[in-house]
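Asker: Structure supplied as data_6.pdb; contents: PDB, C-alpha atoms.
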```pdb
ATOM      1  CA  MET X   1     -39.813  48.544  65.703  1.00  0.00           C
ATOM      2  CA  ASN X   2     -40.802  51.520  63.543  1.00  0.00           C
ATOM      3  CA  ASN X   3     -37.972  53.585  65.077  1.00  0.00           C
ATOM      4  CA  ILE X   4     -35.400  50.891  64.229  1.00  0.00           C
ATOM      5  CA  LEU X   5     -36.527  50.804  60.588  1.00  0.00           C
ATOM      6  CA  LYS X   6     -36.222  54.611  60.336  1.00  0.00           C
ATOM      7  CA  LYS X   7     -32.668  54.484  61.700  1.00  0.00           C
ATOM      8  CA  PHE X   8     -31.750  51.607  59.371  1.00  0.00           C
ATOM      9  CA  PHE X   9     -33.023  53.427  56.271  1.00  0.00           C
ATOM     10  CA  THR X  10     -31.329  56.658  57.358  1.00  0.00           C
ATOM     11  CA  VAL X  11     -27.975  54.881  57.723  1.00  0.00           C
ATOM     12  CA  LEU X  12     -28.527  53.106  54.397  1.00  0.00           C
ATOM     13  CA  ILE X  13     -29.295  56.351  52.538  1.00  0.00           C
ATOM     14  CA  ILE X  14     -26.384  58.251  54.092  1.00  0.00           C
ATOM     15  CA  SER X  15     -23.916  55.439  53.352  1.00  0.00           C
ATOM     16  CA  SER X  16     -25.096  55.211  49.743  1.00  0.00           C
ATOM     17  CA  LEU X  17     -24.537  58.951  49.295  1.00  0.00           C
ATOM     18  CA  LEU X  18     -20.993  58.744  50.663  1.00  0.00           C
ATOM     19  CA  ILE X  19     -19.865  55.813  48.494  1.00  0.00           C
ATOM     20  CA  SER X  20     -18.304  56.723  45.169  1.00  0.00           C
ATOM     21  CA  CYS X  21     -19.936  55.265  42.040  1.00  0.00           C
ATOM     22  CA  ASP X  22     -16.838  55.493  39.843  1.00  0.00           C
ATOM     23  CA  LYS X  23     -15.629  51.978  40.542  1.00  0.00           C
ATOM     24  CA  MET X  24     -19.098  50.551  40.287  1.00  0.00           C
ATOM     25  CA  LEU X  25     -19.572  52.064  36.817  1.00  0.00           C
ATOM     26  CA  ASP X  26     -16.121  51.118  35.531  1.00  0.00           C
ATOM     27  CA  ALA X  27     -16.675  48.770  32.581  1.00  0.00           C
ATOM     28  CA  ASP X  28     -13.036  47.722  32.174  1.00  0.00           C
ATOM     29  CA  SER X  29     -13.014  44.038  33.062  1.00  0.00           C
ATOM     30  CA  ASP X  30     -10.430  41.294  32.775  1.00  0.00           C
ATOM     31  CA  ARG X  31     -13.228  38.726  32.417  1.00  0.00           C
ATOM     32  CA  VAL X  32     -14.109  39.800  28.864  1.00  0.00           C
ATOM     33  CA  VAL X  33     -12.145  38.171  26.055  1.00  0.00           C
ATOM     34  CA  PHE X  34     -12.424  39.426  22.504  1.00  0.00           C
ATOM     35  CA  ALA X  35     -11.985  37.227  19.429  1.00  0.00           C
ATOM     36  CA  ASN X  36      -8.473  38.470  18.637  1.00  0.00           C
ATOM     37  CA  GLU X  37      -7.335  37.796  22.219  1.00  0.00           C
ATOM     38  CA  PHE X  38      -8.517  34.162  22.385  1.00  0.00           C
ATOM     39  CA  ASP X  39      -5.928  31.829  20.911  1.00  0.00           C
ATOM     40  CA  MET X  40      -6.730  28.364  22.357  1.00  0.00           C
ATOM     41  CA  LYS X  41      -3.149  27.572  23.273  1.00  0.00           C
ATOM     42  CA  ALA X  42      -4.247  25.687  26.383  1.00  0.00           C
ATOM     43  CA  THR X  43      -6.151  22.421  26.477  1.00  0.00           C
ATOM     44  CA  ASN X  44      -8.845  23.901  28.707  1.00  0.00           C
ATOM     45  CA  ASP X  45      -9.514  26.690  26.209  1.00  0.00           C
ATOM     46  CA  SER X  46     -10.203  24.186  23.457  1.00  0.00           C
ATOM     47  CA  LEU X  47     -12.439  22.109  25.718  1.00  0.00           C
ATOM     48  CA  TYR X  48     -14.433  25.173  26.721  1.00  0.00           C
ATOM     49  CA  SER X  49     -14.771  26.041  23.040  1.00  0.00           C
ATOM     50  CA  MET X  50     -16.105  22.550  22.333  1.00  0.00           C
ATOM     51  CA  PHE X  51     -18.616  22.993  25.162  1.00  0.00           C
ATOM     52  CA  GLY X  52     -19.716  26.164  23.378  1.00  0.00           C
ATOM     53  CA  VAL X  53     -20.252  24.156  20.185  1.00  0.00           C
ATOM     54  CA  PHE X  54     -22.269  21.574  22.125  1.00  0.00           C
ATOM     55  CA  THR X  55     -24.353  24.322  23.718  1.00  0.00           C
ATOM     56  CA  GLN X  56     -25.236  25.661  20.282  1.00  0.00           C
ATOM     57  CA  LEU X  57     -25.982  22.114  19.108  1.00  0.00           C
ATOM     58  CA  GLN X  58     -28.500  21.670  21.916  1.00  0.00           C
ATOM     59  CA  LYS X  59     -30.653  24.394  20.368  1.00  0.00           C
ATOM     60  CA  VAL X  60     -31.307  22.271  17.267  1.00  0.00           C
ATOM     61  CA  VAL X  61     -31.394  18.764  18.732  1.00  0.00           C
ATOM     62  CA  ASP X  62     -34.996  18.616  19.967  1.00  0.00           C
ATOM     63  CA  ASN X  63     -36.434  19.658  16.643  1.00  0.00           C
ATOM     64  CA  TYR X  64     -33.918  17.450  14.842  1.00  0.00           C
ATOM     65  CA  VAL X  65     -35.336  14.365  16.572  1.00  0.00           C
ATOM     66  CA  LEU X  66     -38.886  15.360  15.646  1.00  0.00           C
ATOM     67  CA  LEU X  67     -37.892  16.071  12.041  1.00  0.00           C
ATOM     68  CA  GLY X  68     -36.048  12.772  11.778  1.00  0.00           C
ATOM     69  CA  GLU X  69     -38.867  10.678  13.184  1.00  0.00           C
ATOM     70  CA  LEU X  70     -41.569  12.276  11.064  1.00  0.00           C
ATOM     71  CA  ARG X  71     -39.522  11.762   7.919  1.00  0.00           C
ATOM     72  CA  GLY X  72     -38.647   8.198   8.856  1.00  0.00           C
ATOM     73  CA  ASP X  73     -40.334   5.012   7.658  1.00  0.00           C
ATOM     74  CA  LEU X  74     -41.792   3.941  10.996  1.00  0.00           C
ATOM     75  CA  MET X  75     -43.959   6.978  11.684  1.00  0.00           C
ATOM     76  CA  ASP X  76     -46.746   8.640   9.762  1.00  0.00           C
ATOM     77  CA  VAL X  77     -49.240  11.407  10.478  1.00  0.00           C
ATOM     78  CA  ASP X  78     -52.980  11.043  10.060  1.00  0.00           C
ATOM     79  CA  SER X  79     -55.442  13.438   8.456  1.00  0.00           C
ATOM     80  CA  LYS X  80     -56.201  15.147  11.788  1.00  0.00           C
ATOM     81  CA  ALA X  81     -52.563  16.040  12.428  1.00  0.00           C
ATOM     82  CA  ASN X  82     -51.234  19.557  12.699  1.00  0.00           C
ATOM     83  CA  LEU X  83     -50.509  21.212   9.321  1.00  0.00           C
ATOM     84  CA  TYR X  84     -46.858  21.762  10.253  1.00  0.00           C
ATOM     85  CA  LEU X  85     -46.388  18.096  11.174  1.00  0.00           C
ATOM     86  CA  LYS X  86     -47.886  17.131   7.794  1.00  0.00           C
ATOM     87  CA  GLU X  87     -45.368  19.426   6.076  1.00  0.00           C
ATOM     88  CA  ILE X  88     -42.488  17.661   7.786  1.00  0.00           C
ATOM     89  CA  ASN X  89     -43.904  14.242   6.939  1.00  0.00           C
ATOM     90  CA  ASN X  90     -44.258  15.249   3.264  1.00  0.00           C
ATOM     91  CA  PHE X  91     -40.724  16.763   3.075  1.00  0.00           C
ATOM     92  CA  ASN X  92     -42.198  20.174   2.255  1.00  0.00           C
ATOM     93  CA  ILE X  93     -41.310  22.406   5.200  1.00  0.00           C
ATOM     94  CA  SER X  94     -42.479  26.012   5.063  1.00  0.00           C
ATOM     95  CA  PRO X  95     -40.327  28.804   6.523  1.00  0.00           C
ATOM     96  CA  GLU X  96     -42.900  29.523   9.250  1.00  0.00           C
ATOM     97  CA  ASN X  97     -42.960  25.921  10.511  1.00  0.00           C
ATOM     98  CA  PRO X  98     -42.287  26.127  14.273  1.00  0.00           C
ATOM     99  CA  TYR X  99     -40.927  22.574  14.424  1.00  0.00           C
ATOM    100  CA  ALA X 100     -38.135  23.289  11.991  1.00  0.00           C
ATOM    101  CA  SER X 101     -35.337  24.919  13.948  1.00  0.00           C
ATOM    102  CA  ASN X 102     -34.436  28.438  13.058  1.00  0.00           C
ATOM    103  CA  ILE X 103     -31.767  28.338  10.359  1.00  0.00           C
ATOM    104  CA  ASN X 104     -29.766  30.857  12.411  1.00  0.00           C
ATOM    105  CA  ASP X 105     -29.317  28.204  15.113  1.00  0.00           C
ATOM    106  CA  TYR X 106     -27.685  25.910  12.552  1.00  0.00           C
ATOM    107  CA  TYR X 107     -25.420  28.652  11.274  1.00  0.00           C
ATOM    108  CA  SER X 108     -24.464  29.462  14.858  1.00  0.00           C
ATOM    109  CA  VAL X 109     -23.204  25.890  15.267  1.00  0.00           C
ATOM    110  CA  ILE X 110     -21.292  26.186  11.991  1.00  0.00           C
ATOM    111  CA  ASN X 111     -19.728  29.508  12.953  1.00  0.00           C
ATOM    112  CA  ASN X 112     -18.617  28.165  16.340  1.00  0.00           C
ATOM    113  CA  CYS X 113     -17.091  25.121  14.641  1.00  0.00           C
ATOM    114  CA  ASN X 114     -15.329  27.370  12.120  1.00  0.00           C
ATOM    115  CA  TYR X 115     -13.907  29.421  14.967  1.00  0.00           C
ATOM    116  CA  VAL X 116     -12.547  26.378  16.794  1.00  0.00           C
ATOM    117  CA  ILE X 117     -11.105  24.882  13.580  1.00  0.00           C
ATOM    118  CA  ASP X 118      -9.460  28.188  12.697  1.00  0.00           C
ATOM    119  CA  ARG X 119      -7.921  28.730  16.144  1.00  0.00           C
ATOM    120  CA  ILE X 120      -6.977  25.133  16.944  1.00  0.00           C
ATOM    121  CA  VAL X 121      -4.337  25.261  14.191  1.00  0.00           C
ATOM    122  CA  GLU X 122      -2.217  27.459  16.468  1.00  0.00           C
ATOM    123  CA  ALA X 123      -2.646  25.110  19.424  1.00  0.00           C
ATOM    124  CA  ASP X 124       0.188  22.808  20.304  1.00  0.00           C
ATOM    125  CA  PHE X 125      -1.144  20.043  22.509  1.00  0.00           C
ATOM    126  CA  GLU X 126      -1.751  16.335  22.199  1.00  0.00           C
ATOM    127  CA  ASN X 127      -5.388  16.060  21.064  1.00  0.00           C
ATOM    128  CA  SER X 128      -5.788  19.204  18.985  1.00  0.00           C
ATOM    129  CA  ASP X 129      -6.228  17.125  15.816  1.00  0.00           C
ATOM    130  CA  LYS X 130      -9.114  15.210  17.440  1.00  0.00           C
ATOM    131  CA  ILE X 131     -10.852  18.422  18.449  1.00  0.00           C
ATOM    132  CA  SER X 132     -10.455  19.788  14.931  1.00  0.00           C
ATOM    133  CA  ALA X 133     -11.803  16.543  13.435  1.00  0.00           C
ATOM    134  CA  ALA X 134     -14.776  16.589  15.813  1.00  0.00           C
ATOM    135  CA  CYS X 135     -15.594  20.182  14.850  1.00  0.00           C
ATOM    136  CA  LYS X 136     -15.325  19.388  11.141  1.00  0.00           C
ATOM    137  CA  SER X 137     -17.652  16.426  11.599  1.00  0.00           C
ATOM    138  CA  ILE X 138     -20.187  18.458  13.565  1.00  0.00           C
ATOM    139  CA  ARG X 139     -20.006  21.216  10.972  1.00  0.00           C
ATOM    140  CA  ALA X 140     -20.558  18.712   8.142  1.00  0.00           C
ATOM    141  CA  TRP X 141     -23.548  17.190   9.947  1.00  0.00           C
ATOM    142  CA  THR X 142     -25.010  20.661  10.495  1.00  0.00           C
ATOM    143  CA  TYR X 143     -24.565  21.613   6.834  1.00  0.00           C
ATOM    144  CA  MET X 144     -26.317  18.410   5.794  1.00  0.00           C
ATOM    145  CA  GLN X 145     -29.239  19.178   8.124  1.00  0.00           C
ATOM    146  CA  ILE X 146     -29.622  22.633   6.588  1.00  0.00           C
ATOM    147  CA  ALA X 147     -29.526  21.168   3.081  1.00  0.00           C
ATOM    148  CA  MET X 148     -32.115  18.499   3.941  1.00  0.00           C
ATOM    149  CA  ASN X 149     -34.454  20.947   5.700  1.00  0.00           C
ATOM    150  CA  TYR X 150     -34.113  24.010   3.511  1.00  0.00           C
ATOM    151  CA  GLY X 151     -32.912  22.674   0.140  1.00  0.00           C
ATOM    152  CA  SER X 152     -29.748  24.781  -0.147  1.00  0.00           C
ATOM    153  CA  VAL X 153     -27.034  26.187   2.063  1.00  0.00           C
ATOM    154  CA  ILE X 154     -24.606  29.093   2.059  1.00  0.00           C
ATOM    155  CA  TYR X 155     -21.257  27.376   2.555  1.00  0.00           C
ATOM    156  CA  TYR X 156     -18.383  29.087   4.348  1.00  0.00           C
ATOM    157  CA  ASP X 157     -15.450  27.708   6.304  1.00  0.00           C
ATOM    158  CA  GLU X 158     -14.036  30.817   7.971  1.00  0.00           C
ATOM    159  CA  PRO X 159     -15.321  32.177  11.291  1.00  0.00           C
ATOM    160  CA  ILE X 160     -17.536  35.247  11.082  1.00  0.00           C
ATOM    161  CA  LEU X 161     -16.171  37.806  13.522  1.00  0.00           C
ATOM    162  CA  SER X 162     -17.658  41.042  12.196  1.00  0.00           C
ATOM    163  CA  VAL X 163     -20.799  42.407  10.606  1.00  0.00           C
ATOM    164  CA  ASN X 164     -18.893  43.107   7.377  1.00  0.00           C
ATOM    165  CA  GLN X 165     -17.851  39.460   7.120  1.00  0.00           C
ATOM    166  CA  ALA X 166     -21.444  38.357   7.698  1.00  0.00           C
ATOM    167  CA  GLU X 167     -22.711  40.661   4.967  1.00  0.00           C
ATOM    168  CA  GLU X 168     -20.109  39.372   2.507  1.00  0.00           C
ATOM    169  CA  ILE X 169     -20.979  35.747   3.247  1.00  0.00           C
ATOM    170  CA  GLN X 170     -24.711  36.427   2.861  1.00  0.00           C
ATOM    171  CA  LYS X 171     -24.005  37.655  -0.682  1.00  0.00           C
ATOM    172  CA  ARG X 172     -22.661  34.213  -1.653  1.00  0.00           C
ATOM    173  CA  GLN X 173     -24.696  31.960  -3.868  1.00  0.00           C
ATOM    174  CA  PRO X 174     -26.380  29.087  -1.964  1.00  0.00           C
ATOM    175  CA  ILE X 175     -25.347  25.602  -3.054  1.00  0.00           C
ATOM    176  CA  LYS X 176     -27.591  22.558  -3.482  1.00  0.00           C
ATOM    177  CA  PHE X 177     -27.365  19.206  -1.723  1.00  0.00           C
ATOM    178  CA  GLU X 178     -25.190  17.396  -4.331  1.00  0.00           C
ATOM    179  CA  GLU X 179     -22.547  20.124  -4.488  1.00  0.00           C
ATOM    180  CA  LEU X 180     -22.504  20.368  -0.696  1.00  0.00           C
ATOM    181  CA  ALA X 181     -22.087  16.598  -0.342  1.00  0.00           C
ATOM    182  CA  ASN X 182     -19.082  16.641  -2.691  1.00  0.00           C
ATOM    183  CA  LYS X 183     -17.462  19.503  -0.722  1.00  0.00           C
ATOM    184  CA  LEU X 184     -17.998  17.723   2.577  1.00  0.00           C
ATOM    185  CA  ILE X 185     -16.624  14.413   1.294  1.00  0.00           C
ATOM    186  CA  ILE X 186     -13.435  16.162   0.163  1.00  0.00           C
ATOM    187  CA  GLU X 187     -13.211  17.962   3.511  1.00  0.00           C
ATOM    188  CA  LEU X 188     -13.803  14.886   5.692  1.00  0.00           C
ATOM    189  CA  SER X 189     -11.726  12.344   3.746  1.00  0.00           C
ATOM    190  CA  PRO X 190      -8.371  13.374   5.289  1.00  0.00           C
ATOM    191  CA  ILE X 191      -9.715  13.032   8.840  1.00  0.00           C
ATOM    192  CA  LYS X 192     -11.618   9.750   8.448  1.00  0.00           C
ATOM    193  CA  ASP X 193      -9.086   7.830  10.589  1.00  0.00           C
ATOM    194  CA  ILE X 194      -8.908  10.344  13.441  1.00  0.00           C
TER     195      ILE X 194
END
```
Show me, as structure tokens, the structure contained in the file I just sent.
Answerer:
Amino acid sequence: MNNILKKFFTVLIISSLLISCDKMLDADSDRVVFANEFDMKATNDSLYSMFGVFTQLQKVVDNYVLLGELRGDLMDVDSKANLYLKEINNFNISPENPYASNINDYYSVINNCNYVIDRIVEADFENSDKISAACKSIRAWTYMQIAMNYGSVIYYDEPILSVNQAEEIQKRQPIKFEELANKLIIELSPIKDI
């Protein structure tokens, strides 16, 4: 048995030395698609993009349910409750509260929605208007969650595709709940029947 293992390892080592590594290290792949190459002209592309939005939405949903229930009328926390749960119940959420989703998760949903909305304009298929309306609705809901949880929101409606764009958007002045609500009403009014 020992002799067979020695022969096996010898063959394995010799064959690995004879095989070229160039192809294995070649990073040029047809499976990678960059932002400027993805145009959503096919129905499947838009559906996959919506699945991406839903995947990002899943990151905030668990904490959203907890936040909603603790701020609702039918649930209350007692004096022995966790400090962070008390903060949620009192509508005074601190930045280090682990139950409040990371604000970056919300902005990730918004950026994915912005990307789909921006690219779906070029699409020419039957339900592209429904996909755009769904993304605008999800984006509006996400903005409202940020405003309710954090008090203000940096509003943008273009997809962030570079670090420079992200830095420019971060320089914008955050808007409060009332101003955000007015923007979202204007944005959603044209699609209310879709």
Asker: Of the candidates X:Phe125, X:Phe91, X:Tyr143, X:Tyr84, which shows the shortest atom-to-atom distance to Asn104 in chain X, using only C-alpha atoms?
Answerer: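 Among the listed residues, X:Tyr143 lies closest to Asn104 in chain X.
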Asker: Can you work out which one of X:Asn44, X:Ser49, X:Ser94, X:Ser137 has the shortest atom-to-atom distance to Leu184 in chain X, counting all atoms listed in the file?
Answerer: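 Among X:Asn44, X:Ser49, X:Ser94, X:Ser137, it is X:Ser137 that comes nearest to Leu184 in chain X.
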Asker: What would the selection look like, as an mmCIF file with C-alpha atoms, in the coordinates of the input, if the PyMOL selection byres ((chain X and resi 157-166) around 6) were run on the coordinates I just shared?
Answerer:
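Once written, selection-v4.cif looks like this:
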```cif
data_model
loop_
_atom_site.group_PDB
_atom_site.id
_atom_site.type_symbol
_atom_site.label_atom_id
_atom_site.label_comp_id
_atom_site.auth_asym_id
_atom_site.auth_seq_id
_atom_site.Cartn_x
_atom_site.Cartn_y
_atom_site.Cartn_z
ATOM 1 C CA ASN X 111 -19.728 29.508 12.953
ATOM 2 C CA ASN X 114 -15.329 27.370 12.120
ATOM 3 C CA TYR X 115 -13.907 29.421 14.967
ATOM 4 C CA TYR X 156 -18.383 29.087 4.348
ATOM 5 C CA GLU X 167 -22.711 40.661 4.967
ATOM 6 C CA GLU X 168 -20.109 39.372 2.507
ATOM 7 C CA ILE X 169 -20.979 35.747 3.247
#
```
Asker: Evaluate the PyMOL selection byres ((chain X and resi 179) around 12) and record the selected residues as a list in words, following the chain and residue labels used in the document.
Answerer: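 Answer for the PyMOL selection byres ((chain X and resi 179) around 12): Tyr143, Met144, Ala147, Gly151, Ser152, Val153, Ile154, Tyr155, Pro174, Ile175, Lys176, Phe177, Glu178, Leu180, Ala181, Asn182, Lys183, Leu184, Ile185 and Ile186 of chain X.
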Asker: Using all atoms of range 167-186 of chain X that appear in the file, construct an axis-aligned enclosing box with 6 Å of padding on every side and provide its centre coordinates and edge lengths in Å, rounded to one decimal, as JSON.
Answerer:
```
{"center_x": -20.5, "center_y": 27.5, "center_z": 0.2, "size_x": 26.2, "size_y": 38.2, "size_z": 21.5}
```
Asker: So what do you get for CA of Glu96 in chain X versus CA of Leu67 in chain X, distance-wise?
Answerer: 14.6 Å
Asker: Would you list the contacts of Gly52 in chain X as an NGL selection string, taking every protein, DNA or RNA residue within 8 Å and counting only C-alpha atoms, but skipping same-chain residues closer than 4 positions in sequence?
Answerer: :X and (48 or 56 or 112)
Asker: Is there a way to get, as a list of chain:residue names, all residues within 9 Å of the point (-15.0, 19.6, 14.6) in file coordinates, counting all atoms listed in the file?
Answerer: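 Output of the proximity query reads X:Met50, X:Val53, X:Cys113, X:Asn114, X:Val116, X:Ile117, X:Lys130, X:Ile131, X:Ser132, X:Ala133, X:Ala134, X:Cys135, X:Lys136, X:Ser137, X:Ile138, X:Arg139, X:Ala140.
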Asker: Could you please take those selected residues and save C-alpha atoms as an mmCIF file, in the frame of the given file?
Answerer:
```cif
data_model
loop_
_atom_site.group_PDB
_atom_site.id
_atom_site.type_symbol
_atom_site.label_atom_id
_atom_site.label_comp_id
_atom_site.auth_asym_id
_atom_site.auth_seq_id
_atom_site.Cartn_x
_atom_site.Cartn_y
_atom_site.Cartn_z
ATOM 1 C CA MET X 50 -16.105 22.550 22.333
ATOM 2 C CA VAL X 53 -20.252 24.156 20.185
ATOM 3 C CA CYS X 113 -17.091 25.121 14.641
ATOM 4 C CA ASN X 114 -15.329 27.370 12.120
ATOM 5 C CA VAL X 116 -12.547 26.378 16.794
ATOM 6 C CA ILE X 117 -11.105 24.882 13.580
ATOM 7 C CA LYS X 130 -9.114 15.210 17.440
ATOM 8 C CA ILE X 131 -10.852 18.422 18.449
ATOM 9 C CA SER X 132 -10.455 19.788 14.931
ATOM 10 C CA ALA X 133 -11.803 16.543 13.435
ATOM 11 C CA ALA X 134 -14.776 16.589 15.813
ATOM 12 C CA CYS X 135 -15.594 20.182 14.850
ATOM 13 C CA LYS X 136 -15.325 19.388 11.141
ATOM 14 C CA SER X 137 -17.652 16.426 11.599
ATOM 15 C CA ILE X 138 -20.187 18.458 13.565
ATOM 16 C CA ARG X 139 -20.006 21.216 10.972
ATOM 17 C CA ALA X 140 -20.558 18.712 8.142
#
```
